[in-house]
Amino acid sequence: MGKKSRRPNRNNDAGSKNSADASTATAAAPTPTTTTSRTMNNAELAYPSDGPSEIELLQTTSATLQMKLDQLIQLARAGDRSNFVKQFVPLDLSPNDTAAYLADLTTEEEAESQWTNLIAEIAAIAAGRGVDRIEGDQIERAVFYFKHPLYEACDREVSFVCSSPGGEWRAEG
């Protein structure tokens, strides 16, 4: 902070003062940038941080459930639908029902859209994005209530159960 002079600056005539004001105004004004709407595609299974946000993410407090969700995402990234299904379906699901579910996600007419929706939901739950609340003790049961990441105004509910404390987490059938 310097001492203020009462004398006008001799090097600053009226024309240069206006141009200085204009450059200051230009520097202060935000420059337009190109923005694109962000949509999720089949390959995108993570929500990278875009900096500080007022959106609060709600993730599970269970380390073992978070590990299961992360494992499912890794299998989805690898395109390993067979192992994804084996790790996702309830433990008491029959082999025939498990095979039918895998067929729904691989060979049926709407397989690609079902797969895309499923992995988008798992990625959203894992990241806590769009999760409104989680019910259950998150030791034996967790129910995620969230907004579908691909469809507006589509609220979803996905339940996971654990076979025993510290045991295997699976989708509830």
# chains A, B, ... in the order shown; residues from 1 in each chain; ligands from 1
>>> residues_around(residues="Thr98 of chain A", least_positions_apart="4", cutoff="12 Å", atoms="only C-alpha atoms", output="VMD selection string")
chain A and resid 81 to 94 102 to 105 173
>>> write_last_selection(atoms="N, CA and C atoms", output="PDB file, in the first residue's frame")
ATOM      1  N   ARG A  81     -18.978 -59.882 -18.301  1.00  0.00           N
ATOM      2  CA  ARG A  81     -20.363 -60.008 -17.851  1.00  0.00           C
ATOM      3  C   ARG A  81     -20.603 -61.289 -17.064  1.00  0.00           C
ATOM      4  N   SER A  82     -19.950 -62.368 -17.464  1.00  0.00           N
ATOM      5  CA  SER A  82     -20.134 -63.647 -16.797  1.00  0.00           C
ATOM      6  C   SER A  82     -19.709 -63.568 -15.330  1.00  0.00           C
ATOM      7  N   ASN A  83     -18.500 -63.080 -15.072  1.00  0.00           N
ATOM      8  CA  ASN A  83     -18.039 -62.965 -13.685  1.00  0.00           C
ATOM      9  C   ASN A  83     -18.782 -61.875 -12.932  1.00  0.00           C
ATOM     10  N   PHE A  84     -19.196 -60.830 -13.631  1.00  0.00           N
ATOM     11  CA  PHE A  84     -20.018 -59.800 -13.006  1.00  0.00           C
ATOM     12  C   PHE A  84     -21.291 -60.433 -12.447  1.00  0.00           C
ATOM     13  N   VAL A  85     -21.971 -61.211 -13.273  1.00  0.00           N
ATOM     14  CA  VAL A  85     -23.218 -61.854 -12.852  1.00  0.00           C
ATOM     15  C   VAL A  85     -22.950 -62.797 -11.683  1.00  0.00           C
ATOM     16  N   LYS A  86     -21.886 -63.588 -11.763  1.00  0.00           N
ATOM     17  CA  LYS A  86     -21.550 -64.520 -10.676  1.00  0.00           C
ATOM     18  C   LYS A  86     -21.324 -63.792  -9.354  1.00  0.00           C
ATOM     19  N   GLN A  87     -20.755 -62.588  -9.413  1.00  0.00           N
ATOM     20  CA  GLN A  87     -20.469 -61.821  -8.201  1.00  0.00           C
ATOM     21  C   GLN A  87     -21.637 -60.946  -7.745  1.00  0.00           C
ATOM     22  N   PHE A  88     -22.642 -60.796  -8.591  1.00  0.00           N
ATOM     23  CA  PHE A  88     -23.744 -59.877  -8.322  1.00  0.00           C
ATOM     24  C   PHE A  88     -25.008 -60.573  -7.810  1.00  0.00           C
ATOM     25  N   VAL A  89     -25.371 -61.685  -8.425  1.00  0.00           N
ATOM     26  CA  VAL A  89     -26.660 -62.317  -8.129  1.00  0.00           C
ATOM     27  C   VAL A  89     -26.677 -62.910  -6.716  1.00  0.00           C
ATOM     28  N   PRO A  90     -27.877 -63.075  -6.146  1.00  0.00           N
ATOM     29  CA  PRO A  90     -27.980 -63.689  -4.813  1.00  0.00           C
ATOM     30  C   PRO A  90     -27.340 -65.074  -4.778  1.00  0.00           C
ATOM     31  N   LEU A  91     -26.772 -65.419  -3.645  1.00  0.00           N
ATOM     32  CA  LEU A  91     -26.109 -66.715  -3.502  1.00  0.00           C
ATOM     33  C   LEU A  91     -27.068 -67.885  -3.669  1.00  0.00           C
ATOM     34  N   ASP A  92     -28.344 -67.668  -3.340  1.00  0.00           N
ATOM     35  CA  ASP A  92     -29.313 -68.765  -3.425  1.00  0.00           C
ATOM     36  C   ASP A  92     -30.009 -68.846  -4.787  1.00  0.00           C
ATOM     37  N   LEU A  93     -29.567 -68.067  -5.763  1.00  0.00           N
ATOM     38  CA  LEU A  93     -30.156 -68.135  -7.100  1.00  0.00           C
ATOM     39  C   LEU A  93     -29.693 -69.415  -7.782  1.00  0.00           C
ATOM     40  N   SER A  94     -30.624 -70.127  -8.386  1.00  0.00           N
ATOM     41  CA  SER A  94     -30.288 -71.403  -9.022  1.00  0.00           C
ATOM     42  C   SER A  94     -29.352 -71.177 -10.214  1.00  0.00           C
ATOM     43  N   LEU A 102     -27.697 -64.014 -17.079  1.00  0.00           N
ATOM     44  CA  LEU A 102     -26.543 -63.715 -17.918  1.00  0.00           C
ATOM     45  C   LEU A 102     -26.963 -63.595 -19.382  1.00  0.00           C
ATOM     46  N   ALA A 103     -27.848 -64.469 -19.827  1.00  0.00           N
ATOM     47  CA  ALA A 103     -28.350 -64.388 -21.206  1.00  0.00           C
ATOM     48  C   ALA A 103     -29.094 -63.076 -21.439  1.00  0.00           C
ATOM     49  N   ASP A 104     -29.853 -62.633 -20.442  1.00  0.00           N
ATOM     50  CA  ASP A 104     -30.554 -61.339 -20.554  1.00  0.00           C
ATOM     51  C   ASP A 104     -29.565 -60.200 -20.784  1.00  0.00           C
ATOM     52  N   LEU A 105     -28.378 -60.319 -20.207  1.00  0.00           N
ATOM     53  CA  LEU A 105     -27.380 -59.253 -20.307  1.00  0.00           C
ATOM     54  C   LEU A 105     -26.399 -59.430 -21.462  1.00  0.00           C
ATOM     55  N   GLY A 173     -32.504 -60.625  -4.119  1.00  0.00           N
ATOM     56  CA  GLY A 173     -33.362 -61.096  -5.206  1.00  0.00           C
ATOM     57  C   GLY A 173     -34.790 -60.959  -5.016  1.00  0.00           C
TER      58      GLY A 173
END
>>> select_by_dssp(residues="segment 56-160 of chain A", states="strand (DSSP E)", output="list in words")
Val131, Asp132, Arg133, Ile134, Glu135, Arg141, Ala142, Val143, Phe144, Tyr145, Phe146, Lys147, Asp155, Arg156, Glu157, Val158, Ser159 and Phe160 of chain A
>>> write_last_selection(atoms="all heavy atoms", output="short mmCIF file (atom, residue, chain, number, x, y, z; two decimals), in the first residue's frame")
data_model
loop_
_atom_site.label_atom_id
_atom_site.label_comp_id
_atom_site.auth_asym_id
_atom_site.auth_seq_id
_atom_site.Cartn_x
_atom_site.Cartn_y
_atom_site.Cartn_z
N VAL A 131 -27.44 -40.60 -4.75
CA VAL A 131 -28.01 -41.41 -3.67
C VAL A 131 -28.68 -40.47 -2.67
O VAL A 131 -28.03 -39.58 -2.11
CB VAL A 131 -26.93 -42.28 -2.99
CG1 VAL A 131 -27.52 -43.05 -1.82
CG2 VAL A 131 -26.31 -43.23 -3.99
N ASP A 132 -29.98 -40.67 -2.46
CA ASP A 132 -30.74 -39.85 -1.52
C ASP A 132 -30.57 -40.34 -0.10
O ASP A 132 -30.43 -39.56 0.83
CB ASP A 132 -32.23 -39.85 -1.88
CG ASP A 132 -32.50 -39.18 -3.21
OD1 ASP A 132 -31.85 -38.16 -3.52
OD2 ASP A 132 -33.36 -39.68 -3.95
N ARG A 133 -30.59 -41.67 0.06
CA ARG A 133 -30.45 -42.25 1.39
C ARG A 133 -30.09 -43.73 1.26
O ARG A 133 -30.28 -44.34 0.22
CB ARG A 133 -31.71 -42.08 2.22
CG ARG A 133 -32.90 -42.88 1.74
CD ARG A 133 -34.16 -42.55 2.57
NE ARG A 133 -35.27 -43.37 2.22
CZ ARG A 133 -36.06 -43.19 1.16
NH1 ARG A 133 -35.83 -42.19 0.34
NH2 ARG A 133 -37.06 -44.00 0.93
N ILE A 134 -29.55 -44.25 2.36
CA ILE A 134 -29.24 -45.68 2.44
C ILE A 134 -29.91 -46.18 3.70
O ILE A 134 -29.65 -45.67 4.79
CB ILE A 134 -27.73 -45.94 2.52
CG1 ILE A 134 -27.01 -45.31 1.31
CG2 ILE A 134 -27.45 -47.44 2.59
CD1 ILE A 134 -25.50 -45.32 1.43
N GLU A 135 -30.78 -47.15 3.53
CA GLU A 135 -31.46 -47.74 4.69
C GLU A 135 -30.83 -49.08 5.00
O GLU A 135 -30.18 -49.69 4.17
CB GLU A 135 -32.96 -47.90 4.40
CG GLU A 135 -33.68 -46.57 4.31
CD GLU A 135 -35.18 -46.70 4.11
OE1 GLU A 135 -35.69 -47.84 3.95
OE2 GLU A 135 -35.85 -45.66 4.07
N ARG A 141 -27.54 -55.63 5.70
CA ARG A 141 -28.45 -55.19 4.63
C ARG A 141 -28.23 -53.71 4.36
O ARG A 141 -28.03 -52.92 5.27
CB ARG A 141 -29.89 -55.43 5.06
CG ARG A 141 -30.90 -55.17 3.97
CD ARG A 141 -32.26 -55.77 4.38
NE ARG A 141 -33.13 -55.86 3.25
CZ ARG A 141 -34.02 -54.94 2.93
NH1 ARG A 141 -34.17 -53.87 3.69
NH2 ARG A 141 -34.77 -55.10 1.87
N ALA A 142 -28.29 -53.35 3.08
CA ALA A 142 -28.22 -51.95 2.66
C ALA A 142 -29.15 -51.75 1.48
O ALA A 142 -29.11 -52.51 0.51
CB ALA A 142 -26.79 -51.57 2.29
N VAL A 143 -30.01 -50.74 1.59
CA VAL A 143 -30.94 -50.41 0.51
C VAL A 143 -30.61 -48.99 0.05
O VAL A 143 -30.72 -48.05 0.83
CB VAL A 143 -32.41 -50.50 0.97
CG1 VAL A 143 -33.34 -50.21 -0.22
CG2 VAL A 143 -32.71 -51.86 1.58
N PHE A 144 -30.20 -48.87 -1.20
CA PHE A 144 -29.85 -47.58 -1.77
C PHE A 144 -31.05 -47.00 -2.51
O PHE A 144 -31.64 -47.67 -3.36
CB PHE A 144 -28.70 -47.74 -2.78
CG PHE A 144 -27.40 -48.16 -2.16
CD1 PHE A 144 -27.13 -49.51 -1.94
CD2 PHE A 144 -26.45 -47.22 -1.82
CE1 PHE A 144 -25.93 -49.91 -1.38
CE2 PHE A 144 -25.25 -47.61 -1.26
CZ PHE A 144 -24.99 -48.96 -1.04
N TYR A 145 -31.40 -45.77 -2.20
CA TYR A 145 -32.44 -45.03 -2.90
C TYR A 145 -31.73 -43.92 -3.66
O TYR A 145 -31.04 -43.09 -3.06
CB TYR A 145 -33.45 -44.44 -1.92
CG TYR A 145 -34.23 -45.50 -1.19
CD1 TYR A 145 -33.76 -46.05 0.01
CD2 TYR A 145 -35.45 -45.96 -1.69
CE1 TYR A 145 -34.47 -47.03 0.68
CE2 TYR A 145 -36.17 -46.94 -1.02
CZ TYR A 145 -35.67 -47.47 0.16
OH TYR A 145 -36.38 -48.44 0.82
N PHE A 146 -31.89 -43.91 -4.98
CA PHE A 146 -31.11 -42.97 -5.78
C PHE A 146 -31.83 -42.62 -7.08
O PHE A 146 -32.78 -43.28 -7.48
CB PHE A 146 -29.73 -43.56 -6.10
CG PHE A 146 -29.77 -44.83 -6.89
CD1 PHE A 146 -29.52 -44.83 -8.26
CD2 PHE A 146 -30.05 -46.05 -6.28
CE1 PHE A 146 -29.55 -46.01 -8.99
CE2 PHE A 146 -30.08 -47.23 -7.00
CZ PHE A 146 -29.83 -47.21 -8.36
N LYS A 147 -31.36 -41.57 -7.70
CA LYS A 147 -31.86 -41.15 -9.00
C LYS A 147 -31.08 -41.91 -10.06
O LYS A 147 -29.85 -41.99 -10.00
CB LYS A 147 -31.68 -39.65 -9.18
CG LYS A 147 -32.50 -38.83 -8.21
CD LYS A 147 -32.28 -37.36 -8.43
CE LYS A 147 -32.97 -36.49 -7.41
NZ LYS A 147 -34.01 -37.02 -6.64
N ASP A 155 -36.59 -42.67 -10.18
CA ASP A 155 -36.04 -43.03 -8.88
C ASP A 155 -35.88 -44.54 -8.80
O ASP A 155 -36.76 -45.28 -9.24
CB ASP A 155 -36.95 -42.53 -7.76
CG ASP A 155 -36.99 -41.01 -7.69
OD1 ASP A 155 -35.99 -40.37 -8.05
OD2 ASP A 155 -38.02 -40.47 -7.28
N ARG A 156 -34.77 -44.98 -8.23
CA ARG A 156 -34.47 -46.40 -8.17
C ARG A 156 -34.18 -46.82 -6.74
O ARG A 156 -33.86 -46.01 -5.88
CB ARG A 156 -33.24 -46.72 -9.04
CG ARG A 156 -33.45 -46.47 -10.51
CD ARG A 156 -34.28 -47.55 -11.17
NE ARG A 156 -33.53 -48.80 -11.13
CZ ARG A 156 -34.05 -49.99 -10.85
NH1 ARG A 156 -35.32 -50.13 -10.61
NH2 ARG A 156 -33.30 -51.06 -10.82
N GLU A 157 -34.28 -48.12 -6.53
CA GLU A 157 -34.00 -48.73 -5.24
C GLU A 157 -33.26 -50.04 -5.51
O GLU A 157 -33.74 -50.86 -6.29
CB GLU A 157 -35.32 -49.00 -4.51
CG GLU A 157 -35.20 -49.78 -3.24
CD GLU A 157 -36.58 -50.11 -2.65
OE1 GLU A 157 -37.54 -49.36 -2.88
OE2 GLU A 157 -36.66 -51.15 -1.98
N VAL A 158 -32.09 -50.20 -4.91
CA VAL A 158 -31.32 -51.43 -5.07
C VAL A 158 -30.91 -51.89 -3.69
O VAL A 158 -30.38 -51.12 -2.89
CB VAL A 158 -30.07 -51.22 -5.96
CG1 VAL A 158 -29.21 -52.47 -6.00
CG2 VAL A 158 -30.48 -50.83 -7.37
N SER A 159 -31.15 -53.19 -3.42
CA SER A 159 -30.84 -53.77 -2.11
C SER A 159 -29.70 -54.75 -2.22
O SER A 159 -29.63 -55.55 -3.15
CB SER A 159 -32.06 -54.52 -1.56
OG SER A 159 -33.15 -53.66 -1.42
N PHE A 160 -28.83 -54.70 -1.23
CA PHE A 160 -27.75 -55.67 -1.09
C PHE A 160 -27.87 -56.30 0.29
O PHE A 160 -28.22 -55.63 1.27
CB PHE A 160 -26.38 -55.00 -1.21
CG PHE A 160 -26.03 -54.59 -2.61
CD1 PHE A 160 -26.40 -53.35 -3.09
CD2 PHE A 160 -25.34 -55.44 -3.45
CE1 PHE A 160 -26.08 -52.96 -4.38
CE2 PHE A 160 -25.02 -55.07 -4.74
CZ PHE A 160 -25.39 -53.82 -5.21
#
>>> closest_residue(among="A:Ala63, A:Tyr101, A:Trp169, A:Leu75", to="Gln114 of chain A", atoms="only C-alpha atoms")
A:Tyr101
